[in-house]
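Below is one structure, written out as structure tokens; the observations come after it.
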Amino acid sequence: MDMIATPPAHHTDPATIAVLETIETRLRWLSSWTIHNANHLRESRDGLKVGGHQASCASITAIMTALYFGALRPNDKVAVKPHAGPVLHAIHYMLGQQSRDALERYRGMGGAQSYPSRTKDTIPVDFSTGSVGLGVAITAFASLIQDYLIAHGEMAEAEAGRMIALMGDAELDEGNIYECLIEAYKHDIRNCWWIVDYNRQSLDSTTADRMFRRFDDIFETCGWRVETLKHGKKQREVFALAGGQAIADWIDACPNAEFAALTYQGGAAWRSRLNANLAGQSETLALIAAQDDAALAALMTNLGGHCIATLLEAFARCDDDVPTLFIAYTVKGYGLPFAGHKDNHSGLMNPGQIEQLRGDLGIAAGEEWAPYGGLGDNAAASARAVVEASALAQAAKAKPAQAVPVPERLPVPDGAELSTQAAFGRILLDLAKSGHPLADRIVTTSPDVTVSTNLGAFVNQRGLFRRQELKDVFSAARIPTAQKWAGHKAGQHIELGIAENNLFLMLAALGLAAPLFGTRLMPIGTVYDPFIARGLDALNYACYQDARFLLVATPSGLTLGPEGGAHQSVNSPLIGIGQPGLTYFEPAFADELALIMRWGFEHMQAEDGGSVYLRLTTRTIAQIERADDGWEQAALRGGYWLKRPGGDKDIAIVFTGAVTPEVLEAADLLAEDVPGLGLLMVTSPDLLHRGWSARHAGRWTGATAASHADTLLAELAPDAKLVTIIDGAPSTLSWLGSVRGMRVSPLGTDRFGQTGDLPDLFRAYRLDAEAIVDAVAELCLGPVD
């Protein structure tokens with residue numbers, strides 16, 4: 001990664017400001033026109049509204065102009081608020097990095113995406129956004145990962161960039177922001193800016209006045225600097241005149257809803273209200289009378305977030321590594337006909353309004369898409385020069401991250417009986433002790449369940465990551481403890497509080513280290529399996545932008561036993577199957593787990609790879625001896641025959657994970673009556689289903705290769721029957737009957753569990769050997785009384 005030169009001074013001379021204002025006006029037009037074209041000019045084949053948020057774009061164009069063409073440095077990374085996506089596309093269009101074709105197909109197949117997307121847009125996008133609040137919070141974790149890389153010698157301090165989030169003020173309603181803020185404070189993050197487009201309007205209404213005044217306190221308490229940009233330069237100049245302070249006081253006291261309504265009504269309404277409210281203050285009334293209606297409306301809406309000079313001055317004041325919240329007051333729909341109207345969030349300019357705007361900007365018909373249309377030769381040349389000199393235009397393309405070598409095999413832990421959770425911890429510990437390069441790139445993290453998910457031994461070996469030294473007080477005092485967790489810059493475990501949402505945002509940031517910072521890390525996050533659902537939005541967000549990580553969820557299912565239904569996961573296998581970008585495995589044996597983990601480390605780095613989810617358990621299982629390694633390739637495709645079917649080949653038990661002992665017990669009980677019973681071990685219901693779905697789609701795409709599920713089940717007779725069983729939702733495996741048209745008896749859990757030991761729970765929820773025997777008997781002989 002190239003070293004950063006000293007950032008240029010933030011020019012606030014009138015000539016530079018004028019050029020930036022020209023660019024800002026052009027961005028407002030291009031974003032509005034892109035949305036208008038999609039909704040009014042492009043053929044609509046389905047009759048559905050396309051949408052595009054013209055008002056949300058207009059409120060942030062000045063902020064983005066000042067940031068991208070004034071304050072941004074080459075290594076800064078930006079998460080753009082979702083509804084400002086068209087402005088980001090317009091910026092790259094002016095830079096020559098976005099095509100007109102992509103803009104004309106905005107929100108259409110193959111065109112610019114609705115919201116900025118790392119994986120689906122062709123322009124550079126640092127962080128995907130969409131589900132509000134997540135794009136904000138990930139910047140805090142990205143700043144922490146940047147510090148991790150600096151501390152570990154993978155980056156120079158001079159290469160550090162700022163992690164910047166542009167957000168609408170309604171995003172501050174999202175709880176994940178405050179969970180993140182607490183974690184950021186604990187880890188003393190730096191080089192992070194959050195810029196609030198405070199237009200005081202959300203989707204449904206105008207935002208509440210009294211709550212927003214508390215945000216300063218919240219952020220300052222968490223160690224952030226707060227810069228409030230309420231008034232633009234023109235307003236401040238008027239406020240300094242005799243009688244001007246009364247106008248400032250009136251604006252400060254004006255409720256948000258009132259301010260928005262007056263903005264929509266225009267200059268005459270402003271004049272009427274101010275004259276009525278400030279009657280008797282002759283100097284103030286004279287200032288108001290000196291403005292015509294258009295000038296008065298422009299003055300009253302000259303807020304800090306629309307004033308380039310004010311924005312640049314604020315950015316320049318904060319040119320250090322202190323985390324900073326900028327509250328930039330704006331008007332939603334600024335410069336558009338519906339500015340300030342409470343319904344403008346999803347509002348669109350009609351053809352007459354867009355034509356009026358085009359005429360006001362001096363853009364000739366047919367020149368709407370010209371990047372610098374309507375500016376004149378001199379103004380266009382000046383704007384182009386500023387755009388082409390920007391950090392965004394000069395930024396070097398990120399160098400590909402080097403691959404992390406993976407051992408030919410991972411060690412399989414010894415032991416006659418092991419749980420997959422314990423085996424996971426021992427495999428990690430052996431890696432940590434090995435000195436292999438892979439171990440140096442592993443970063444572990446967990447939401448306050450490090451010990452109970454078997455990460456403790458790895459942390460003992462490799463330490464906690466802290467930018468400042470953190471002594472282990474218990475060890476220093478010679479108090480016996482299994483956890484010897486000193487914190488230091490070389491540590492490889494990032495300790496988190498209990499919020500699962502933060503876990504997945506941390507994994508997203510860690511998993512993007514390669515494209516963001518040029519260094520690949522191998523993140524491993526552990527969580528209680530039932531609590532995946534608590535962070536599911538953030539997990540989906542991480543996968544959507546192709547972050548790469550290993551998610552280890554344990555304990556899982558009813559096998560958590562006495563902890564009861566609140567801690568027993570039922571539907572998490574279906575999450576594993578249904579989540580794009582995530583491959584789900586559920587191994588039963590330690591050797592399966594070692595094999596799958598090794599595959600996972602390769603898959604996390606593959607061009608067409610992704611993240612991996614392991615569903616593990618605390619239940620100890622007797623390990624089996626293998627005759628050879630012939631089962632391994634099939635296991636990595638989703639399943640293998642633990643016992644091949646024989647005889648008439650007319651029935652098999654298909655199973656996964658923790659219920660293996662019950663399956664083996666049932667097979668022994670059935671050995672005499674059903675001698676040809678097959679035992680099909682499913683290591684990944686996800687891979688089996690994905691392969692079968694692809695093969696099914698192949699009937700239309702021309703694919704001919706049989707799916708792995710089809711190949712496995714082809715060893716059975718055409719009219720064979722299946723008993724499927726999993727400690728989870730039965731539909732995880734029951735679909736296998738559709739592969740070759742076989743009758744299925746599905747066993748699993750589709751109810752909340754309760755406290756109890758495993759014999760009682762498995763009997764109550766029909767996961768025991770007796771239930772399996774009954775299911776086999778019913779399929780073979782008919783209903784059993």
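By convention here, the chains of the structure tokens are called A, B, ... in the order presented, each chain's residues are numbered starting at 1, and ligands are numbered starting at 1 in the order presented.
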
Residues near Gly175 in chain A, cut-off 12 Å, only C-alpha atoms, skip fewer than 2 positions along chain, as an mmCIF file with N, CA and C atoms, in the first residue's frame:
data_model
loop_
_atom_site.group_PDB
_atom_site.id
_atom_site.type_symbol
_atom_site.label_atom_id
_atom_site.label_comp_id
_atom_site.auth_asym_id
_atom_site.auth_seq_id
_atom_site.Cartn_x
_atom_site.Cartn_y
_atom_site.Cartn_z
ATOM 1 N N VAL A 132 -30.221 0.125 7.227
ATOM 2 C CA VAL A 132 -29.692 1.352 7.822
ATOM 3 C C VAL A 132 -29.030 1.091 9.174
ATOM 4 N N GLY A 133 -27.985 1.833 9.428
ATOM 5 C CA GLY A 133 -27.232 1.733 10.675
ATOM 6 C C GLY A 133 -26.042 0.808 10.585
ATOM 7 N N LEU A 134 -26.139 -0.261 9.794
ATOM 8 C CA LEU A 134 -25.028 -1.218 9.727
ATOM 9 C C LEU A 134 -23.828 -0.617 8.998
ATOM 10 N N VAL A 136 -22.981 2.351 9.052
ATOM 11 C CA VAL A 136 -22.371 3.301 9.986
ATOM 12 C C VAL A 136 -21.469 2.548 10.954
ATOM 13 N N ALA A 137 -22.026 1.534 11.597
ATOM 14 C CA ALA A 137 -21.306 0.835 12.664
ATOM 15 C C ALA A 137 -20.061 0.118 12.158
ATOM 16 N N ALA A 170 -32.175 9.794 10.843
ATOM 17 C CA ALA A 170 -33.075 8.737 11.300
ATOM 18 C C ALA A 170 -32.323 7.447 11.577
ATOM 19 N N GLU A 171 -31.124 7.286 11.001
ATOM 20 C CA GLU A 171 -30.329 6.091 11.292
ATOM 21 C C GLU A 171 -29.909 6.031 12.753
ATOM 22 N N LEU A 172 -29.916 7.178 13.429
ATOM 23 C CA LEU A 172 -29.555 7.200 14.838
ATOM 24 C C LEU A 172 -30.632 6.568 15.711
ATOM 25 N N ASP A 173 -31.754 6.176 15.101
ATOM 26 C CA ASP A 173 -32.748 5.399 15.839
ATOM 27 C C ASP A 173 -32.336 3.929 15.958
ATOM 28 N N ILE A 177 -26.180 1.026 16.420
ATOM 29 C CA ILE A 177 -25.210 2.114 16.482
ATOM 30 C C ILE A 177 -24.698 2.295 17.907
ATOM 31 N N TYR A 178 -25.580 2.171 18.873
ATOM 32 C CA TYR A 178 -25.173 2.405 20.268
ATOM 33 C C TYR A 178 -24.441 1.191 20.836
ATOM 34 N N GLU A 179 -24.821 -0.016 20.413
ATOM 35 C CA GLU A 179 -24.031 -1.182 20.781
ATOM 36 C C GLU A 179 -22.600 -1.034 20.266
ATOM 37 N N CYS A 180 -22.500 -0.573 19.045
ATOM 38 C CA CYS A 180 -21.180 -0.352 18.442
ATOM 39 C C CYS A 180 -20.413 0.739 19.177
ATOM 40 N N LEU A 181 -21.109 1.815 19.547
ATOM 41 C CA LEU A 181 -20.465 2.951 20.194
ATOM 42 C C LEU A 181 -19.814 2.533 21.510
ATOM 43 N N ILE A 182 -20.486 1.689 22.253
ATOM 44 C CA ILE A 182 -19.931 1.203 23.520
ATOM 45 C C ILE A 182 -18.672 0.373 23.268
ATOM 46 N N ALA A 499 -23.145 -8.262 22.860
ATOM 47 C CA ALA A 499 -24.010 -7.954 21.719
ATOM 48 C C ALA A 499 -23.596 -8.741 20.475
ATOM 49 N N ASN A 501 -24.804 -8.548 17.539
ATOM 50 C CA ASN A 501 -24.731 -7.693 16.354
ATOM 51 C C ASN A 501 -23.306 -7.191 16.143
ATOM 52 N N ASN A 502 -22.642 -6.852 17.238
ATOM 53 C CA ASN A 502 -21.257 -6.404 17.140
ATOM 54 C C ASN A 502 -20.337 -7.513 16.647
ATOM 55 N N GLY A 535 -28.199 -11.560 15.688
ATOM 56 C CA GLY A 535 -27.367 -10.729 14.822
ATOM 57 C C GLY A 535 -27.570 -11.027 13.351
#

Note to self: Show me, as a ChimeraX atom specification, the residues that have an atom within 10 Å of range 331-336 of chain A when counting only C-alpha atoms, minus same-chain residues fewer than 6 positions from it.
What the structure shows: /A:25,28-29,32,53-62,197-202,259-260,263-264,298,301-303,305-306,342,344-345,347-349,353-354,357

Could the residues in this selection be written to a file with N, CA and C atoms, as a short mmCIF file (atom, residue, chain, number, x, y, z; two decimals), in the first residue's frame?
data_model
loop_
_atom_site.label_atom_id
_atom_site.label_comp_id
_atom_site.auth_asym_id
_atom_site.auth_seq_id
_atom_site.Cartn_x
_atom_site.Cartn_y
_atom_site.Cartn_z
N THR A 25 -24.02 21.49 -7.29
CA THR A 25 -25.25 21.66 -8.06
C THR A 25 -25.36 20.60 -9.14
N ARG A 28 -26.37 17.28 -7.66
CA ARG A 28 -27.80 17.25 -7.34
C ARG A 28 -28.62 16.99 -8.61
N TRP A 29 -28.19 17.63 -9.71
CA TRP A 29 -28.90 17.40 -10.97
C TRP A 29 -28.73 15.96 -11.46
N SER A 32 -30.69 13.49 -9.43
CA SER A 32 -32.13 13.66 -9.68
C SER A 32 -32.51 13.14 -11.05
N HIS A 53 -35.39 8.13 -4.21
CA HIS A 53 -35.06 9.05 -3.12
C HIS A 53 -34.34 10.32 -3.58
N GLN A 54 -35.00 11.08 -4.43
CA GLN A 54 -34.41 12.35 -4.88
C GLN A 54 -34.19 13.31 -3.72
N ALA A 55 -35.12 13.36 -2.77
CA ALA A 55 -35.00 14.29 -1.65
C ALA A 55 -33.83 13.92 -0.75
N SER A 56 -33.65 12.64 -0.49
CA SER A 56 -32.54 12.20 0.36
C SER A 56 -31.20 12.48 -0.29
N CYS A 57 -31.14 12.39 -1.60
CA CYS A 57 -29.90 12.74 -2.31
C CYS A 57 -29.61 14.23 -2.20
N ALA A 58 -30.66 15.05 -2.40
CA ALA A 58 -30.45 16.50 -2.43
C ALA A 58 -29.98 17.05 -1.09
N SER A 59 -30.34 16.38 0.02
CA SER A 59 -29.95 16.91 1.31
C SER A 59 -28.47 16.71 1.61
N ILE A 60 -27.79 15.82 0.88
CA ILE A 60 -26.42 15.45 1.24
C ILE A 60 -25.40 15.81 0.16
N THR A 61 -25.82 16.43 -0.94
CA THR A 61 -24.87 16.68 -2.03
C THR A 61 -23.75 17.63 -1.61
N ALA A 62 -24.05 18.64 -0.81
CA ALA A 62 -22.98 19.55 -0.38
C ALA A 62 -22.00 18.83 0.54
N ASP A 197 -26.30 13.67 8.18
CA ASP A 197 -27.12 14.53 7.33
C ASP A 197 -28.41 14.77 8.12
N TYR A 198 -28.39 15.83 8.94
CA TYR A 198 -29.47 16.09 9.88
C TYR A 198 -30.56 16.90 9.20
N ASN A 199 -31.34 16.19 8.35
CA ASN A 199 -32.43 16.89 7.64
C ASN A 199 -33.75 16.85 8.42
N ARG A 200 -33.72 16.15 9.57
CA ARG A 200 -34.84 16.13 10.51
C ARG A 200 -36.12 15.55 9.95
N GLN A 201 -35.99 14.71 8.91
CA GLN A 201 -37.14 14.02 8.37
C GLN A 201 -36.80 12.54 8.19
N SER A 202 -37.73 11.69 8.60
CA SER A 202 -37.57 10.26 8.36
C SER A 202 -38.58 9.84 7.29
N PHE A 259 -40.13 24.29 10.87
CA PHE A 259 -39.07 24.70 9.95
C PHE A 259 -39.26 24.02 8.59
N ALA A 260 -39.60 22.74 8.61
CA ALA A 260 -39.79 22.01 7.35
C ALA A 260 -40.96 22.57 6.57
N THR A 263 -40.08 25.89 5.01
CA THR A 263 -39.17 25.68 3.88
C THR A 263 -39.95 25.32 2.63
N TYR A 264 -40.94 24.44 2.77
CA TYR A 264 -41.74 24.03 1.61
C TYR A 264 -42.58 25.21 1.09
N ALA A 298 -33.54 31.57 0.70
CA ALA A 298 -32.16 31.06 0.61
C ALA A 298 -31.42 31.29 1.92
N THR A 301 -32.60 28.86 4.75
CA THR A 301 -32.19 27.46 4.53
C THR A 301 -30.69 27.33 4.31
N ASN A 302 -29.94 28.41 4.58
CA ASN A 302 -28.48 28.34 4.47
C ASN A 302 -27.92 27.69 5.74
N LEU A 303 -28.19 26.40 5.85
CA LEU A 303 -27.75 25.65 7.02
C LEU A 303 -26.34 25.12 6.82
N GLY A 305 -24.99 22.24 6.76
CA GLY A 305 -24.78 21.10 5.87
C GLY A 305 -24.92 21.41 4.41
N HIS A 306 -25.34 22.64 4.07
CA HIS A 306 -25.43 23.06 2.67
C HIS A 306 -24.39 24.12 2.33
N LYS A 342 -43.15 17.00 4.26
CA LYS A 342 -42.99 15.81 5.10
C LYS A 342 -43.16 14.51 4.33
N ASN A 344 -41.80 13.92 1.34
CA ASN A 344 -40.88 13.93 0.20
C ASN A 344 -39.91 12.75 0.18
N HIS A 345 -39.91 11.91 1.22
CA HIS A 345 -38.91 10.84 1.26
C HIS A 345 -38.97 9.97 0.01
N GLY A 347 -40.95 10.82 -2.55
CA GLY A 347 -41.52 11.66 -3.61
C GLY A 347 -40.60 11.75 -4.82
N LEU A 348 -41.22 11.96 -5.97
CA LEU A 348 -40.47 12.10 -7.22
C LEU A 348 -40.93 13.36 -7.94
N MET A 349 -40.00 14.09 -8.53
CA MET A 349 -40.38 15.22 -9.36
C MET A 349 -41.14 14.73 -10.58
N GLN A 353 -41.78 19.46 -13.33
CA GLN A 353 -40.83 19.96 -12.33
C GLN A 353 -39.38 19.72 -12.75
N ILE A 354 -39.09 18.56 -13.32
CA ILE A 354 -37.71 18.29 -13.74
C ILE A 354 -37.33 19.20 -14.89
N LEU A 357 -36.45 22.54 -13.43
CA LEU A 357 -35.12 22.49 -12.83
C LEU A 357 -34.05 22.50 -13.91
#

Item checked: Neighbour list for range 87-94 of chain A as a ChimeraX atom specification, cut-off 10 Å, only C-alpha atoms, skip fewer than 2 positions in-chain -> /A:23-24,26-32,34,54,56-58,60-61,64-65,68-69,80-85,96-100,102-103,106,112-113,115-116,121-125,369-372,383-384,387-388,392-393

Could you dump the residues just selected with C-alpha atoms as a compact mmCIF listing (two decimals), in the first residue's frame?
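What landed in out.txt:
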# COMPACT_ATOMS: atom_id res chain seq x y z
CA ILE A 23 -19.92 20.67 -8.64
CA GLU A 24 -22.47 20.28 -5.86
CA ARG A 26 -24.21 19.30 -10.82
CA LEU A 27 -24.30 16.29 -8.46
CA ARG A 28 -27.80 17.25 -7.34
CA TRP A 29 -28.90 17.40 -10.97
CA LEU A 30 -27.26 14.13 -12.06
CA SER A 31 -28.66 12.20 -9.11
CA SER A 32 -32.13 13.66 -9.68
CA THR A 34 -30.81 9.42 -12.95
CA GLN A 54 -34.41 12.35 -4.88
CA SER A 56 -32.54 12.20 0.36
CA CYS A 57 -29.90 12.74 -2.31
CA ALA A 58 -30.45 16.50 -2.43
CA ILE A 60 -26.42 15.45 1.24
CA THR A 61 -24.87 16.68 -2.03
CA MET A 64 -20.43 14.73 -0.23
CA THR A 65 -18.94 17.46 -2.42
CA TYR A 68 -14.93 13.86 -1.74
CA PHE A 69 -13.44 16.93 -3.40
CA VAL A 80 -22.37 6.21 2.01
CA LYS A 81 -25.90 6.41 3.39
CA PRO A 82 -28.09 4.01 1.39
CA HIS A 83 -30.42 6.62 -0.09
CA ALA A 84 -27.48 8.72 -1.33
CA GLY A 85 -26.38 5.96 -3.70
CA GLY A 96 -15.16 8.99 -15.59
CA GLN A 97 -15.39 5.83 -13.45
CA GLN A 98 -19.09 5.18 -14.05
CA SER A 99 -20.81 4.68 -17.40
CA ARG A 100 -23.87 6.44 -18.68
CA ALA A 102 -25.14 2.01 -15.84
CA LEU A 103 -26.90 5.24 -14.81
CA TYR A 106 -30.25 2.51 -12.44
CA ALA A 112 -26.24 0.95 -10.89
CA GLN A 113 -27.58 -0.58 -7.68
CA TYR A 115 -27.86 1.19 -2.60
CA PRO A 116 -24.05 1.14 -2.75
CA ASP A 121 -21.69 -2.15 -8.43
CA THR A 122 -18.87 -1.57 -10.91
CA ILE A 123 -17.66 1.62 -9.22
CA PRO A 124 -15.37 1.42 -6.18
CA VAL A 125 -17.51 0.94 -3.07
CA TRP A 369 -26.36 13.32 -19.16
CA ALA A 370 -23.36 15.53 -19.95
CA PRO A 371 -21.11 15.35 -16.85
CA TYR A 372 -20.50 19.09 -16.94
CA ALA A 383 -14.91 21.92 -12.11
CA ARG A 384 -13.17 19.20 -14.09
CA VAL A 387 -12.61 16.66 -9.74
CA GLU A 388 -9.53 15.21 -11.44
CA LEU A 392 -10.66 9.80 -5.16
CA ALA A 393 -9.30 10.33 -8.67

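Proximity ranking of A:Lys649, A:His708, A:Arg190, A:Arg619 relative to Arg467 in chain A places A:Arg190 first, based on only C-alpha atoms.
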
Next item on the list: Please indicate the distance in Å from CA of Arg317 in chain A to CA of Asp216 in chain A, rounded to one decimal place.
Entry: 17.7 Å

Sorted by chain and rising residue number, which residues of range 636-748 of chain A lie within 10 Å of range 768-784 of chain A, and what are their closest atom pairs and distances in Å to one decimal, counting only C-alpha atoms, as a Markdown table?
| residue | atom | partner | partner_atom | distance |
| --- | --- | --- | --- | --- |
| A:Asp650 | CA | A:Cys780 | CA | 8.9 |
| A:Ile651 | CA | A:Val776 | CA | 7.9 |
| A:Ala652 | CA | A:Val776 | CA | 8.5 |
| A:Ile653 | CA | A:Val776 | CA | 8.2 |
| A:Val659 | CA | A:Asp768 | CA | 8.0 |
| A:Thr660 | CA | A:Ala769 | CA | 9.9 |
| A:Pro661 | CA | A:Ala769 | CA | 8.4 |
| A:Glu662 | CA | A:Ala769 | CA | 4.8 |
| A:Val663 | CA | A:Ala769 | CA | 6.3 |
| A:Leu664 | CA | A:Ala769 | CA | 8.2 |
| A:Glu665 | CA | A:Ala769 | CA | 6.0 |
| A:Ala666 | CA | A:Ala769 | CA | 4.7 |
| A:Ala667 | CA | A:Val773 | CA | 8.1 |
| A:Asp668 | CA | A:Ala769 | CA | 9.7 |
| A:Leu669 | CA | A:Val773 | CA | 7.6 |
| A:Leu670 | CA | A:Val773 | CA | 7.0 |
| A:Asp673 | CA | A:Ala777 | CA | 9.5 |
| A:Val674 | CA | A:Val776 | CA | 9.0 |
| A:Leu677 | CA | A:Val776 | CA | 9.5 |
| A:Ala720 | CA | A:Leu779 | CA | 9.6 |
| A:Lys721 | CA | A:Leu779 | CA | 6.8 |
| A:Leu722 | CA | A:Val776 | CA | 8.1 |
| A:Val723 | CA | A:Val776 | CA | 6.6 |
| A:Thr724 | CA | A:Ile772 | CA | 8.9 |
| A:Ile725 | CA | A:Ile772 | CA | 8.2 |
| A:Arg743 | CA | A:Leu779 | CA | 8.1 |
| A:Val744 | CA | A:Leu779 | CA | 8.1 |
| A:Ser745 | CA | A:Ala775 | CA | 6.3 |
| A:Pro746 | CA | A:Ala775 | CA | 8.4 |
| A:Leu747 | CA | A:Ile772 | CA | 7.9 |

Note to self: With only C-alpha atoms as the counted atoms, please give the residues lying no more than 9 Å from Gly557 in chain A, apart from itself and same-chain residues fewer than 3 positions off, as a ChimeraX atom specification.
What the structure shows: /A:529-530,554,560-561,567-570,572,617,658,727-728,749,753

Go ahead and save the residues from that selection, with C-alpha atoms, as a PDB file, in the first residue's frame.
ATOM      1  CA  ASP A 529     -25.895 -21.205  18.103  1.00  0.00           C
ATOM      2  CA  PRO A 530     -29.390 -20.018  19.144  1.00  0.00           C
ATOM      3  CA  THR A 554     -21.872 -23.808  19.683  1.00  0.00           C
ATOM      4  CA  LEU A 560     -27.509 -28.032  25.312  1.00  0.00           C
ATOM      5  CA  GLY A 561     -29.820 -29.888  27.704  1.00  0.00           C
ATOM      6  CA  HIS A 567     -30.673 -21.697  24.641  1.00  0.00           C
ATOM      7  CA  GLN A 568     -31.673 -24.570  22.354  1.00  0.00           C
ATOM      8  CA  SER A 569     -31.530 -23.757  18.647  1.00  0.00           C
ATOM      9  CA  VAL A 570     -34.100 -25.186  16.263  1.00  0.00           C
ATOM     10  CA  SER A 572     -30.344 -22.330  12.727  1.00  0.00           C
ATOM     11  CA  THR A 617     -22.178 -29.319  20.020  1.00  0.00           C
ATOM     12  CA  ALA A 658     -25.153 -34.787  17.448  1.00  0.00           C
ATOM     13  CA  ASP A 727     -31.109 -32.059  16.233  1.00  0.00           C
ATOM     14  CA  GLY A 728     -32.837 -29.132  14.550  1.00  0.00           C
ATOM     15  CA  THR A 749     -37.314 -30.568  16.479  1.00  0.00           C
ATOM     16  CA  GLY A 753     -37.196 -27.191  23.977  1.00  0.00           C
TER      17      GLY A 753
END

Checklist line | Selection: 9 Å around range 583-592 of chain A, only C-alpha atoms, excl. self and same-chain fewer than 3 positions, as a PyMOL selection string | finding: chain A and resi 411-414+418-420+422-424+573+575-577+579-580+595-597+600+610-617+621-624+632+635-636+638+656-660+681-687

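Pairwise distance (CA of Glu495 in chain A, CA of Thr444 in chain A) equals 8.4 Å.
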
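Counting only C-alpha atoms, the residue from A:Asn460, A:Asn75, A:Gln492, A:Gln394 that sits nearest to Leu95 in chain A is A:Gln394.
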
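Distances here use only C-alpha atoms; by that measure, the residue among A:Leu464, A:Ala714, A:Val50, A:Ile327 closest to Ala314 in chain A is A:Ile327.
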
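What separates CA of Phe465 in chain A from CA of Tyr148 in chain A is a distance of 7.5 Å.
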
Margin query: If we count only C-alpha atoms and set the cut-off at 9 Å, which residues sit around Ala513 in chain A, ignoring sequence neighbours fewer than 6 positions away in its own chain? Please answer as a list in words.
Written below: Ala142, Ile145, Gln146, Leu149, Ala401, Thr519, Arg520, Leu521 and Ala547 of chain A

Dump C-alpha atoms for the selected residues as a tab-separated table (two decimals), in the first residue's frame?
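Ended up saving to part_5.tsv:
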chain	number	residue	atom	x	y	z
A	142	ALA	CA	-12.90	-1.17	10.40
A	145	ILE	CA	-8.99	-3.59	12.34
A	146	GLN	CA	-6.77	-0.93	10.80
A	149	LEU	CA	-2.86	-4.30	11.27
A	401	ALA	CA	-3.69	-9.46	-0.71
A	519	THR	CA	-3.72	-7.83	4.12
A	520	ARG	CA	-5.73	-11.01	4.47
A	521	LEU	CA	-6.81	-12.04	7.94
A	547	ALA	CA	-16.64	-10.58	3.86

Checklist line | DSSP-assigned strand (DSSP E or B) among range 160-252 of chain A, expressed as number ranges by chain | finding: A: 163-168, 192-198, 201, 206, 225-229, 231

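Of the residues under consideration (A:Lys233, A:Lys77, A:Lys433, A:Arg740), A:Lys77 shows the shortest atom-to-atom contact distance to Cys192 in chain A when counting only C-alpha atoms.
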
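For range 390-442 of chain A, the set of residues given helix (DSSP H, G or I) by DSSP on the backbone reads A:Ala391, A:Leu392, A:Ala393, A:Gln394, A:Thr420, A:Gln421, A:Ala422, A:Ala423, A:Phe424, A:Gly425, A:Arg426, A:Ile427, A:Leu428, A:Leu429, A:Asp430, A:Leu431, A:Ala432, A:Lys433, A:Ser434, A:Pro437, A:Leu438, A:Ala439, A:Asp440, A:Arg441.
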
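Using only C-alpha atoms, the protein and nucleic acid residues lying no more than 6 Å from range 222-227 of chain A, apart from those fewer than 2 places from it along its own chain, are Tyr185, Phe219, Glu220, Pro323, Thr324, Leu325 and Phe326 of chain A.
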
Would you output that residue set with C-alpha atoms, as a PDB file, in the first residue's frame?
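Result file is result_24.pdb:
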ATOM      1  CA  TYR A 185     -15.175   3.241  23.457  1.00  0.00           C
ATOM      2  CA  PHE A 219     -21.142  10.658  21.937  1.00  0.00           C
ATOM      3  CA  GLU A 220     -19.038  12.928  24.122  1.00  0.00           C
ATOM      4  CA  PRO A 323     -13.263  10.007  16.491  1.00  0.00           C
ATOM      5  CA  THR A 324     -15.669  12.732  15.484  1.00  0.00           C
ATOM      6  CA  LEU A 325     -19.416  13.113  15.023  1.00  0.00           C
ATOM      7  CA  PHE A 326     -20.395  15.895  12.626  1.00  0.00           C
TER       8      PHE A 326
END
